[in-house]
$ cat entry_27.cif   # mmCIF, C-alpha atoms
data_start
loop_
_atom_site.group_PDB
_atom_site.id
_atom_site.type_symbol
_atom_site.label_atom_id
_atom_site.label_comp_id
_atom_site.auth_asym_id
_atom_site.auth_seq_id
_atom_site.Cartn_x
_atom_site.Cartn_y
_atom_site.Cartn_z
ATOM 1 C CA MET A 3 59.031 57.638 66.003
ATOM 2 C CA PRO A 4 56.904 59.566 68.605
ATOM 3 C CA ALA A 5 57.191 56.636 71.001
ATOM 4 C CA ILE A 6 60.957 56.756 70.700
ATOM 5 C CA SER A 7 61.005 60.490 71.351
ATOM 6 C CA VAL A 8 58.894 60.136 74.520
ATOM 7 C CA PHE A 9 61.168 57.338 75.693
ATOM 8 C CA ASN A 10 64.244 59.447 75.014
ATOM 9 C CA VAL A 11 62.988 62.480 76.932
ATOM 10 C CA ASN A 12 61.436 60.778 79.941
ATOM 11 C CA SER A 13 63.777 57.828 80.451
ATOM 12 C CA SER A 14 67.048 57.870 82.365
ATOM 13 C CA ARG A 15 68.590 55.814 79.562
ATOM 14 C CA PHE A 16 70.484 57.188 76.572
ATOM 15 C CA ILE A 17 70.839 56.013 72.994
ATOM 16 C CA LEU A 18 74.363 55.494 71.651
ATOM 17 C CA THR A 19 75.047 56.484 68.039
ATOM 18 C CA GLY A 20 76.988 54.238 65.703
ATOM 19 C CA PHE A 21 77.465 55.376 62.115
ATOM 20 C CA PRO A 22 74.209 57.025 60.935
ATOM 21 C CA GLY A 23 73.115 55.740 57.549
ATOM 22 C CA LEU A 24 75.470 52.757 57.690
ATOM 23 C CA GLU A 25 73.419 50.529 60.011
ATOM 24 C CA GLY A 26 73.298 47.763 57.388
ATOM 25 C CA ASP A 27 77.099 47.635 57.322
ATOM 26 C CA TYR A 28 77.681 47.371 61.080
ATOM 27 C CA PHE A 29 78.852 43.749 60.815
ATOM 28 C CA TRP A 30 81.572 44.722 58.334
ATOM 29 C CA LEU A 31 82.485 47.847 60.319
ATOM 30 C CA SER A 32 82.834 45.732 63.462
ATOM 31 C CA ILE A 33 85.704 43.751 61.886
ATOM 32 C CA PRO A 34 88.218 46.649 61.592
ATOM 33 C CA PHE A 35 87.099 48.051 64.956
ATOM 34 C CA SER A 36 87.605 44.644 66.605
ATOM 35 C CA CYS A 37 91.063 44.440 65.020
ATOM 36 C CA ILE A 38 91.897 47.956 66.247
ATOM 37 C CA TYR A 39 90.879 47.123 69.830
ATOM 38 C CA ALA A 40 92.826 43.839 69.689
ATOM 39 C CA THR A 41 95.890 45.754 68.466
ATOM 40 C CA VAL A 42 95.443 48.336 71.247
ATOM 41 C CA PHE A 43 95.354 45.650 73.946
ATOM 42 C CA LEU A 44 98.094 43.432 72.508
ATOM 43 C CA GLY A 45 100.400 46.319 71.538
ATOM 44 C CA ASN A 46 100.286 48.071 74.882
ATOM 45 C CA CYS A 47 100.547 44.789 76.818
ATOM 46 C CA MET A 48 103.618 43.926 74.732
ATOM 47 C CA VAL A 49 105.241 47.293 75.562
ATOM 48 C CA LEU A 50 104.554 46.729 79.273
ATOM 49 C CA HIS A 51 105.915 43.170 79.099
ATOM 50 C CA VAL A 52 109.098 44.306 77.348
ATOM 51 C CA ILE A 53 109.712 47.101 79.878
ATOM 52 C CA ARG A 54 109.045 44.774 82.821
ATOM 53 C CA THR A 55 111.268 41.922 81.623
ATOM 54 C CA GLU A 56 114.193 43.894 80.162
ATOM 55 C CA PRO A 57 116.481 45.239 82.955
ATOM 56 C CA SER A 58 118.146 47.742 80.603
ATOM 57 C CA LEU A 59 114.758 49.479 80.186
ATOM 58 C CA HIS A 60 114.347 50.138 83.905
ATOM 59 C CA GLN A 61 114.969 53.858 83.425
ATOM 60 C CA PRO A 62 112.774 56.956 83.946
ATOM 61 C CA MET A 63 112.097 57.351 80.212
ATOM 62 C CA PHE A 64 110.640 53.836 79.990
ATOM 63 C CA TYR A 65 108.789 54.103 83.308
ATOM 64 C CA PHE A 66 106.920 57.059 81.811
ATOM 65 C CA LEU A 67 106.312 55.017 78.654
ATOM 66 C CA ALA A 68 104.854 52.255 80.846
ATOM 67 C CA MET A 69 102.492 54.847 82.381
ATOM 68 C CA LEU A 70 101.450 55.857 78.862
ATOM 69 C CA ALA A 71 100.806 52.224 77.899
ATOM 70 C CA VAL A 72 98.687 51.612 81.034
ATOM 71 C CA THR A 73 96.674 54.762 80.262
ATOM 72 C CA ASP A 74 96.086 53.626 76.680
ATOM 73 C CA LEU A 75 94.971 50.203 77.900
ATOM 74 C CA CYS A 76 92.473 51.831 80.257
ATOM 75 C CA VAL A 77 91.118 54.034 77.442
ATOM 76 C CA GLY A 78 90.463 50.917 75.384
ATOM 77 C CA LEU A 79 88.831 49.099 78.315
ATOM 78 C CA SER A 80 86.564 52.064 79.101
ATOM 79 C CA THR A 81 85.054 52.240 75.591
ATOM 80 C CA VAL A 82 85.263 48.753 74.025
ATOM 81 C CA HIS A 83 81.963 47.516 75.498
ATOM 82 C CA THR A 84 79.866 50.385 74.099
ATOM 83 C CA VAL A 85 81.628 50.803 70.726
ATOM 84 C CA LEU A 86 81.562 47.092 69.848
ATOM 85 C CA GLY A 87 78.218 46.662 71.603
ATOM 86 C CA VAL A 88 76.638 49.063 69.096
ATOM 87 C CA LEU A 89 78.388 47.544 66.053
ATOM 88 C CA TRP A 90 77.575 43.967 67.112
ATOM 89 C CA GLY A 91 73.941 44.900 67.806
ATOM 90 C CA LEU A 92 74.154 43.863 71.468
ATOM 91 C CA SER A 93 72.878 47.126 72.952
ATOM 92 C CA ARG A 94 72.461 50.751 71.946
ATOM 93 C CA GLU A 95 71.223 51.889 75.346
ATOM 94 C CA VAL A 96 73.202 53.078 78.355
ATOM 95 C CA SER A 97 71.968 54.247 81.753
ATOM 96 C CA LEU A 98 72.710 57.734 83.058
ATOM 97 C CA ASP A 99 74.950 56.371 85.834
ATOM 98 C CA ALA A 100 76.947 54.228 83.397
ATOM 99 C CA CYS A 101 77.208 57.154 80.985
ATOM 100 C CA ILE A 102 78.503 59.484 83.701
ATOM 101 C CA ALA A 103 81.038 56.856 84.840
ATOM 102 C CA GLN A 104 82.280 56.351 81.286
ATOM 103 C CA SER A 105 82.627 60.095 80.685
ATOM 104 C CA TYR A 106 84.634 60.366 83.916
ATOM 105 C CA PHE A 107 87.104 57.711 82.773
ATOM 106 C CA ILE A 108 87.383 59.033 79.208
ATOM 107 C CA HIS A 109 88.075 62.623 80.260
ATOM 108 C CA GLY A 110 90.179 61.612 83.265
ATOM 109 C CA LEU A 111 92.360 59.326 81.176
ATOM 110 C CA SER A 112 92.736 62.064 78.571
ATOM 111 C CA PHE A 113 94.149 64.342 81.288
ATOM 112 C CA VAL A 114 96.398 61.511 82.516
ATOM 113 C CA GLU A 115 97.793 60.991 79.010
ATOM 114 C CA SER A 116 98.429 64.716 78.604
ATOM 115 C CA SER A 117 100.243 64.802 81.962
ATOM 116 C CA VAL A 118 102.352 61.743 81.114
ATOM 117 C CA LEU A 119 103.382 63.331 77.799
ATOM 118 C CA LEU A 120 104.419 66.434 79.749
ATOM 119 C CA ALA A 121 106.461 64.281 82.161
ATOM 120 C CA MET A 122 108.116 62.599 79.176
ATOM 121 C CA ALA A 123 108.959 66.032 77.722
ATOM 122 C CA PHE A 124 110.555 66.968 81.049
ATOM 123 C CA ASP A 125 112.512 63.704 80.963
ATOM 124 C CA ARG A 126 113.862 64.519 77.476
ATOM 125 C CA TYR A 127 114.644 68.102 78.549
ATOM 126 C CA VAL A 128 116.725 66.915 81.514
ATOM 127 C CA ALA A 129 118.442 64.181 79.461
ATOM 128 C CA ILE A 130 119.541 66.613 76.738
ATOM 129 C CA CYS A 131 120.032 69.892 78.606
ATOM 130 C CA ASN A 132 121.391 68.482 81.903
ATOM 131 C CA PRO A 133 122.786 65.027 81.030
ATOM 132 C CA LEU A 134 125.290 64.957 83.890
ATOM 133 C CA ARG A 135 122.546 65.558 86.479
ATOM 134 C CA TYR A 136 119.950 63.288 84.829
ATOM 135 C CA SER A 137 120.330 60.353 87.222
ATOM 136 C CA SER A 138 120.262 62.608 90.291
ATOM 137 C CA ILE A 139 117.238 64.645 89.128
ATOM 138 C CA LEU A 140 115.047 61.769 87.882
ATOM 139 C CA THR A 141 115.507 59.106 90.544
ATOM 140 C CA ASN A 142 113.063 56.199 90.881
ATOM 141 C CA ASP A 143 111.556 57.897 93.926
ATOM 142 C CA LYS A 144 110.916 61.115 91.994
ATOM 143 C CA VAL A 145 109.424 59.214 89.061
ATOM 144 C CA MET A 146 107.025 57.530 91.478
ATOM 145 C CA LYS A 147 106.078 60.899 92.986
ATOM 146 C CA ILE A 148 105.468 62.315 89.501
ATOM 147 C CA GLY A 149 103.211 59.332 88.742
ATOM 148 C CA VAL A 150 101.185 59.880 91.936
ATOM 149 C CA ALA A 151 100.918 63.610 91.178
ATOM 150 C CA ILE A 152 99.640 62.845 87.663
ATOM 151 C CA LEU A 153 97.023 60.464 89.046
ATOM 152 C CA CYS A 154 95.869 62.930 91.709
ATOM 153 C CA ARG A 155 95.777 65.867 89.303
ATOM 154 C CA SER A 156 93.712 63.975 86.748
ATOM 155 C CA SER A 157 91.330 62.130 89.076
ATOM 156 C CA LEU A 158 90.584 64.737 91.749
ATOM 157 C CA LEU A 159 89.872 67.791 89.584
ATOM 158 C CA ILE A 160 87.185 66.177 87.408
ATOM 159 C CA PRO A 161 84.586 64.891 89.959
ATOM 160 C CA PRO A 162 82.880 68.296 90.618
ATOM 161 C CA VAL A 163 81.875 68.714 86.977
ATOM 162 C CA ILE A 164 81.102 65.001 86.436
ATOM 163 C CA ILE A 165 79.046 64.524 89.626
ATOM 164 C CA ARG A 166 76.863 67.505 88.721
ATOM 165 C CA LEU A 167 75.752 65.645 85.579
ATOM 166 C CA LYS A 168 73.749 63.360 87.876
ATOM 167 C CA PHE A 169 71.577 66.267 89.048
ATOM 168 C CA LEU A 170 70.840 67.917 85.702
ATOM 169 C CA ASN A 171 67.409 67.681 84.081
ATOM 170 C CA TYR A 172 67.684 66.051 80.654
ATOM 171 C CA CYS A 173 64.600 67.131 78.733
ATOM 172 C CA ARG A 174 65.956 66.940 75.206
ATOM 173 C CA PRO A 175 66.040 63.668 73.203
ATOM 174 C CA HIS A 176 68.518 61.281 74.824
ATOM 175 C CA VAL A 177 70.481 60.543 71.655
ATOM 176 C CA LEU A 178 74.250 60.753 72.057
ATOM 177 C CA SER A 179 76.564 61.845 69.228
ATOM 178 C CA HIS A 180 78.945 58.901 69.635
ATOM 179 C CA SER A 181 79.041 55.258 70.697
ATOM 180 C CA PHE A 182 80.448 56.387 74.059
ATOM 181 C CA CYS A 183 79.642 59.152 76.546
ATOM 182 C CA LEU A 184 81.311 62.563 76.654
ATOM 183 C CA HIS A 185 80.655 65.426 79.071
ATOM 184 C CA GLN A 186 79.878 67.898 76.271
ATOM 185 C CA ASP A 187 77.343 65.458 74.806
ATOM 186 C CA LEU A 188 75.427 65.149 78.090
ATOM 187 C CA ILE A 189 75.229 68.863 78.865
ATOM 188 C CA ARG A 190 73.951 69.443 75.315
ATOM 189 C CA MET A 191 70.816 67.483 76.263
ATOM 190 C CA ALA A 192 70.277 69.242 79.610
ATOM 191 C CA CYS A 193 67.652 71.912 80.231
ATOM 192 C CA SER A 194 69.082 72.870 83.639
ATOM 193 C CA ASP A 195 71.579 75.662 84.239
ATOM 194 C CA ILE A 196 74.858 74.337 82.802
ATOM 195 C CA ARG A 197 77.008 77.438 83.379
ATOM 196 C CA PHE A 198 79.052 75.718 86.102
ATOM 197 C CA ASN A 199 79.749 72.719 83.852
ATOM 198 C CA SER A 200 80.671 74.947 80.927
ATOM 199 C CA VAL A 201 82.955 77.297 82.886
ATOM 200 C CA TYR A 202 84.548 74.598 85.063
ATOM 201 C CA GLY A 203 84.970 72.297 82.061
ATOM 202 C CA LEU A 204 86.700 75.065 80.096
ATOM 203 C CA ALA A 205 88.933 75.812 83.106
ATOM 204 C CA LEU A 206 89.898 72.118 83.286
ATOM 205 C CA VAL A 207 90.818 72.056 79.598
ATOM 206 C CA ILE A 208 92.912 75.238 79.952
ATOM 207 C CA SER A 209 94.654 74.153 83.173
ATOM 208 C CA ASN A 210 95.355 70.627 81.934
ATOM 209 C CA LEU A 211 95.450 70.057 78.180
ATOM 210 C CA LEU A 212 96.311 73.605 77.084
ATOM 211 C CA LEU A 213 98.833 74.243 79.870
ATOM 212 C CA ASP A 214 100.502 70.876 79.232
ATOM 213 C CA ALA A 215 100.750 71.649 75.508
ATOM 214 C CA VAL A 216 102.341 75.047 76.206
ATOM 215 C CA LEU A 217 104.858 73.522 78.639
ATOM 216 C CA ILE A 218 105.719 70.757 76.144
ATOM 217 C CA ILE A 219 106.348 73.390 73.448
ATOM 218 C CA LEU A 220 108.522 75.428 75.823
ATOM 219 C CA SER A 221 110.533 72.348 76.806
ATOM 220 C CA TYR A 222 111.179 71.549 73.157
ATOM 221 C CA LEU A 223 112.255 75.107 72.429
ATOM 222 C CA ARG A 224 114.855 74.725 75.185
ATOM 223 C CA ILE A 225 115.835 71.305 73.802
ATOM 224 C CA LEU A 226 116.155 72.730 70.278
ATOM 225 C CA ARG A 227 118.391 75.517 71.532
ATOM 226 C CA ALA A 228 120.611 72.993 73.328
ATOM 227 C CA VAL A 229 120.744 70.725 70.264
ATOM 228 C CA LEU A 230 121.695 73.569 67.914
ATOM 229 C CA ALA A 231 124.494 74.513 70.311
ATOM 230 C CA ALA A 232 125.925 70.988 70.161
ATOM 231 C CA ALA A 233 129.428 70.732 68.754
ATOM 232 C CA SER A 234 128.971 68.078 66.076
ATOM 233 C CA ARG A 235 126.278 67.025 63.629
ATOM 234 C CA GLU A 236 126.388 63.497 65.081
ATOM 235 C CA GLU A 237 125.543 64.796 68.562
ATOM 236 C CA ARG A 238 122.696 66.900 67.159
ATOM 237 C CA SER A 239 121.301 63.927 65.217
ATOM 238 C CA LYS A 240 121.493 61.606 68.235
ATOM 239 C CA SER A 241 119.748 64.151 70.482
ATOM 240 C CA LEU A 242 116.900 64.686 68.012
ATOM 241 C CA GLN A 243 116.427 60.938 67.511
ATOM 242 C CA THR A 244 115.796 60.460 71.222
ATOM 243 C CA CYS A 245 112.937 62.981 70.980
ATOM 244 C CA GLY A 246 111.379 61.630 67.778
ATOM 245 C CA SER A 247 109.130 59.015 69.371
ATOM 246 C CA HIS A 248 107.850 61.435 71.993
ATOM 247 C CA LEU A 249 107.121 64.142 69.419
ATOM 248 C CA CYS A 250 105.115 61.627 67.373
ATOM 249 C CA ALA A 251 103.149 60.608 70.493
ATOM 250 C CA VAL A 252 102.399 64.283 71.262
ATOM 251 C CA LEU A 253 101.096 64.873 67.720
ATOM 252 C CA VAL A 254 99.061 61.637 67.787
ATOM 253 C CA PHE A 255 97.406 62.805 71.027
ATOM 254 C CA TYR A 256 96.783 66.499 70.353
ATOM 255 C CA ILE A 257 95.775 66.477 66.663
ATOM 256 C CA PRO A 258 92.625 64.318 67.237
ATOM 257 C CA ILE A 259 91.667 66.521 70.218
ATOM 258 C CA ILE A 260 91.973 69.662 68.098
ATOM 259 C CA GLY A 261 90.050 67.983 65.275
ATOM 260 C CA LEU A 262 87.201 66.834 67.534
ATOM 261 C CA THR A 263 86.987 70.271 69.177
ATOM 262 C CA MET A 264 86.781 71.981 65.779
ATOM 263 C CA VAL A 265 84.075 69.576 64.619
ATOM 264 C CA HIS A 266 82.017 70.096 67.804
ATOM 265 C CA ARG A 267 82.388 73.890 67.669
ATOM 266 C CA PHE A 268 82.145 74.687 63.973
ATOM 267 C CA GLY A 269 80.983 71.507 62.236
ATOM 268 C CA ARG A 270 77.258 71.470 62.989
ATOM 269 C CA HIS A 271 76.544 71.520 59.242
ATOM 270 C CA LEU A 272 78.738 68.447 58.674
ATOM 271 C CA SER A 273 77.380 64.921 58.295
ATOM 272 C CA PRO A 274 76.819 63.055 61.614
ATOM 273 C CA VAL A 275 79.211 60.389 60.260
ATOM 274 C CA VAL A 276 82.038 62.972 60.430
ATOM 275 C CA HIS A 277 81.272 63.643 64.122
ATOM 276 C CA VAL A 278 81.218 59.918 64.891
ATOM 277 C CA LEU A 279 84.425 59.294 62.924
ATOM 278 C CA MET A 280 86.304 62.121 64.673
ATOM 279 C CA GLY A 281 85.088 60.864 68.045
ATOM 280 C CA ASN A 282 86.432 57.378 67.329
ATOM 281 C CA VAL A 283 89.740 58.813 66.086
ATOM 282 C CA TYR A 284 90.026 60.811 69.340
ATOM 283 C CA ILE A 285 89.431 57.671 71.422
ATOM 284 C CA LEU A 286 91.319 55.035 69.430
ATOM 285 C CA PHE A 287 94.126 56.704 67.481
ATOM 286 C CA PRO A 288 96.559 57.419 70.380
ATOM 287 C CA PRO A 289 96.202 53.964 72.051
ATOM 288 C CA LEU A 290 96.619 52.313 68.653
ATOM 289 C CA MET A 291 99.598 54.340 67.439
ATOM 290 C CA ASN A 292 101.690 54.780 70.614
ATOM 291 C CA PRO A 293 102.907 51.155 70.889
ATOM 292 C CA ILE A 294 103.563 51.107 67.129
ATOM 293 C CA ILE A 295 105.558 54.362 67.300
ATOM 294 C CA TYR A 296 107.689 53.258 70.250
ATOM 295 C CA SER A 297 108.208 49.736 68.870
ATOM 296 C CA ILE A 298 109.485 51.126 65.570
ATOM 297 C CA ARG A 299 111.360 54.262 66.611
ATOM 298 C CA THR A 300 112.861 53.245 69.977
ATOM 299 C CA GLN A 301 115.865 51.032 69.352
ATOM 300 C CA GLN A 302 115.892 49.290 72.751
ATOM 301 C CA ILE A 303 112.228 48.292 72.497
ATOM 302 C CA ARG A 304 112.499 47.335 68.817
ATOM 303 C CA ARG A 305 115.390 44.958 69.534
ATOM 304 C CA ARG A 306 113.605 43.393 72.508
ATOM 305 C CA VAL A 307 110.386 42.909 70.501
ATOM 306 C CA GLN A 308 112.330 41.319 67.631
ATOM 307 C CA ARG A 309 114.036 38.995 70.086
ATOM 308 C CA LEU A 310 110.658 38.161 71.644
ATOM 309 C CA PHE A 311 109.157 37.160 68.290
ATOM 310 C CA SER A 312 112.275 35.249 67.224
ATOM 311 C CA LEU A 313 112.060 33.165 70.401
ATOM 312 C CA LYS A 314 108.378 32.446 69.756
ATOM 313 C CA GLY A 315 109.195 31.410 66.218
ATOM 314 C CA MET A 316 111.689 28.771 67.357
#
$ encode --input "entry_27.cif" --output "structure tokens"
Amino acid sequence: MPAISVFNVNSSRFILTGFPGLEGDYFWLSIPFSCIYATVFLGNCMVLHVIRTEPSLHQPMFYFLAMLAVTDLCVGLSTVHTVLGVLWGLSREVSLDACIAQSYFIHGLSFVESSVLLAMAFDRYVAICNPLRYSSILTNDKVMKIGVAILCRSSLLIPPVIIRLKFLNYCRPHVLSHSFCLHQDLIRMACSDIRFNSVYGLALVISNLLLDAVLIILSYLRILRAVLAAASREERSKSLQTCGSHLCAVLVFYIPIIGLTMVHRFGRHLSPVVHVLMGNVYILFPPLMNPIIYSIRTQQIRRRVQRLFSLKGM
């Protein structure tokens, strides 16, 4: 044990944490996790294939859904090697540079997903509150500009806080809380001044995730007011159905974030397994559920998927 501690403090490598106390069951745990990652990749690739090959889905709403699917694919690709690497016993170590790169992609993609959900809320707001101007407001050119803005917003604001991780002094044991790297995990092990990382990181969360959540709520309040003012019950029902999938995607994204934040802030007395479980839910639940939600609840995609499988069955 002392040898491990010296290695952890003096080395530039970090130890990934699987499920503490369940090391003997890693083989069995790897089976559901492998299935989850396979579902993430296949489900999101299927959504992208359907949108690409079905001309009737070449609309702003489905372009934003394609952005969401690409983001979810990237989330899976950025974590699969460390999560399954730990469970399969391939490697529990990760270098500082690799850890910093992974934390950049995880947090950056989280901001991208939040921004895409906001863009989708705006799309639903325009479709329901200004249906006659929908095609003139959300043109293909504007959708492309929104996509570029999302990418720039999410990728250019994070580097200052991520790059600084490279220059911190890590004097505490290099044992991470999860089987992947997070910014808050790395600064917890640092003995250097982390005020910049803490303040800038909080500002990023407020200006991205929190602001996006507030704007999504405001857009849905406007949508709800427009729906309640609709003349018939049929119109109200149809309007709400078009928002159902997006609302589910918003809940699937924000609930794990809130849960992980609460566990990190107030759950120090909880079992380490709870921390690891919440971390995996935060990483895997949205990419897993989004293609399922949109395949079930969105009629156009559901029909195309059914047709796709019926053709394969012939």
$ closest_residue --input "entry_27.cif" --among "A:Phe124, A:His60, A:Ile102, A:Ser112" --to "Phe169 (chain A)" --atoms "all atoms listed in the file"
A:Ile102
$ resolve_selection --input "entry_27.cif" --expression "the PyMOL selection byres ((chain A and resi 189) around 9)" --output "PyMOL selection string"
chain A and resi 167+170+172+185-188+190-194+196+199-200
$ closest_residue --input "entry_27.cif" --among "A:Gln61, A:Arg166, A:Ser273, A:Thr73" --to "Lys144 (chain A)" --atoms "only C-alpha atoms"
A:Gln61
$ closest_residue --input "entry_27.cif" --among "A:Val276, A:Val72, A:Val118, A:Cys250" --to "Pro22 (chain A)" --atoms "all atoms listed in the file"
A:Val276
$ residues_around --input "entry_27.cif" --residues "Leu220 (chain A)" --least-positions-apart "5" --cutoff "10 Å" --atoms "all atoms listed in the file" --output "count of residues only"
6
$ atom_distance --input "entry_27.cif" --atom1 "CA of Asn282 (chain A)" --atom2 "CA of Ile259 (chain A)"
10.9 Å
$ residues_around --input "entry_27.cif" --residues "Ala40 (chain A)" --least-positions-apart "4" --cutoff "12 Å" --atoms "all atoms listed in the file" --output "number ranges by chain"
A: 32-36, 44-48, 75, 78-79, 82, 86, 286, 289-290
$ resolve_selection --input "entry_27.cif" --expression "the PyMOL selection byres ((chain A and resi 62) around 9)" --output "list in words"
Leu59, His60, Gln61, Met63, Phe64, Tyr65, Phe66, Leu67, Met122, Asp125, Ser137, Leu140, Thr141, Asn142 and Val145 of chain A
$ write_last_selection --input "entry_27.cif" --atoms "C-alpha atoms" --output "PDB file, in the coordinates of the input"
ATOM      1  CA  LEU A  59     114.758  49.479  80.186  1.00  0.00           C
ATOM      2  CA  HIS A  60     114.347  50.138  83.905  1.00  0.00           C
ATOM      3  CA  GLN A  61     114.969  53.858  83.425  1.00  0.00           C
ATOM      4  CA  MET A  63     112.097  57.351  80.212  1.00  0.00           C
ATOM      5  CA  PHE A  64     110.640  53.836  79.990  1.00  0.00           C
ATOM      6  CA  TYR A  65     108.789  54.103  83.308  1.00  0.00           C
ATOM      7  CA  PHE A  66     106.920  57.059  81.811  1.00  0.00           C
ATOM      8  CA  LEU A  67     106.312  55.017  78.654  1.00  0.00           C
ATOM      9  CA  MET A 122     108.116  62.599  79.176  1.00  0.00           C
ATOM     10  CA  ASP A 125     112.512  63.704  80.963  1.00  0.00           C
ATOM     11  CA  SER A 137     120.330  60.353  87.222  1.00  0.00           C
ATOM     12  CA  LEU A 140     115.047  61.769  87.882  1.00  0.00           C
ATOM     13  CA  THR A 141     115.507  59.106  90.544  1.00  0.00           C
ATOM     14  CA  ASN A 142     113.063  56.199  90.881  1.00  0.00           C
ATOM     15  CA  VAL A 145     109.424  59.214  89.061  1.00  0.00           C
TER      16      VAL A 145
END
$ atom_distance --input "entry_27.cif" --atom1 "CA of His277 (chain A)" --atom2 "CA of His180 (chain A)"
7.6 Å
$ atom_distance --input "entry_27.cif" --atom1 "CA of Tyr106 (chain A)" --atom2 "CA of Ile160 (chain A)"
7.2 Å
$ residues_around --input "entry_27.cif" --residues "Val77 (chain A)" --least-positions-apart "5" --cutoff "12 Å" --atoms "all atoms listed in the file" --output "ChimeraX atom specification"
/A:39,42-43,46,70-72,82-83,104-115,182,282,284-290
$ write_last_selection --input "entry_27.cif" --atoms "C-alpha atoms" --output "PDB file, keeping the file's coordinate frame"
ATOM      1  CA  TYR A  39      90.879  47.123  69.830  1.00  0.00           C
ATOM      2  CA  VAL A  42      95.443  48.336  71.247  1.00  0.00           C
ATOM      3  CA  PHE A  43      95.354  45.650  73.946  1.00  0.00           C
ATOM      4  CA  ASN A  46     100.286  48.071  74.882  1.00  0.00           C
ATOM      5  CA  LEU A  70     101.450  55.857  78.862  1.00  0.00           C
ATOM      6  CA  ALA A  71     100.806  52.224  77.899  1.00  0.00           C
ATOM      7  CA  VAL A  72      98.687  51.612  81.034  1.00  0.00           C
ATOM      8  CA  VAL A  82      85.263  48.753  74.025  1.00  0.00           C
ATOM      9  CA  HIS A  83      81.963  47.516  75.498  1.00  0.00           C
ATOM     10  CA  GLN A 104      82.280  56.351  81.286  1.00  0.00           C
ATOM     11  CA  SER A 105      82.627  60.095  80.685  1.00  0.00           C
ATOM     12  CA  TYR A 106      84.634  60.366  83.916  1.00  0.00           C
ATOM     13  CA  PHE A 107      87.104  57.711  82.773  1.00  0.00           C
ATOM     14  CA  ILE A 108      87.383  59.033  79.208  1.00  0.00           C
ATOM     15  CA  HIS A 109      88.075  62.623  80.260  1.00  0.00           C
ATOM     16  CA  GLY A 110      90.179  61.612  83.265  1.00  0.00           C
ATOM     17  CA  LEU A 111      92.360  59.326  81.176  1.00  0.00           C
ATOM     18  CA  SER A 112      92.736  62.064  78.571  1.00  0.00           C
ATOM     19  CA  PHE A 113      94.149  64.342  81.288  1.00  0.00           C
ATOM     20  CA  VAL A 114      96.398  61.511  82.516  1.00  0.00           C
ATOM     21  CA  GLU A 115      97.793  60.991  79.010  1.00  0.00           C
ATOM     22  CA  PHE A 182      80.448  56.387  74.059  1.00  0.00           C
ATOM     23  CA  ASN A 282      86.432  57.378  67.329  1.00  0.00           C
ATOM     24  CA  TYR A 284      90.026  60.811  69.340  1.00  0.00           C
ATOM     25  CA  ILE A 285      89.431  57.671  71.422  1.00  0.00           C
ATOM     26  CA  LEU A 286      91.319  55.035  69.430  1.00  0.00           C
ATOM     27  CA  PHE A 287      94.126  56.704  67.481  1.00  0.00           C
ATOM     28  CA  PRO A 288      96.559  57.419  70.380  1.00  0.00           C
ATOM     29  CA  PRO A 289      96.202  53.964  72.051  1.00  0.00           C
ATOM     30  CA  LEU A 290      96.619  52.313  68.653  1.00  0.00           C
TER      31      LEU A 290
END
$ residues_around --input "entry_27.cif" --residues "Val177 (chain A)" --least-positions-apart "5" --cutoff "7 Å" --atoms "all atoms listed in the file" --output "VMD selection string"
chain A and resid 16 to 18
$ resolve_selection --input "entry_27.cif" --expression "the PyMOL selection byres ((chain A and resi 24-28) around 12)" --output "PyMOL selection string"
chain A and resi 19-23+29-36+85-92+94+274-275+278
$ closest_residue --input "entry_27.cif" --among "A:Leu212, A:Cys76, A:Cys101, A:Ile294" --to "Val254 (chain A)" --atoms "only C-alpha atoms"
A:Ile294
$ residues_around --input "entry_27.cif" --residues "Ala228 (chain A)" --least-positions-apart "3" --cutoff "10 Å" --atoms "all atoms listed in the file" --output "number ranges by chain"
A: 127, 130-132, 222-225, 231-232, 238, 241
$ closest_residue --input "entry_27.cif" --among "A:Cys245, A:Ile164, A:Cys183, A:Val252" --to "Arg299 (chain A)" --atoms "only C-alpha atoms"
A:Cys245
$ closest_residue --input "entry_27.cif" --among "A:Cys37, A:Ser247, A:Asn292, A:Phe268" --to "Arg126 (chain A)" --atoms "only C-alpha atoms"
A:Ser247
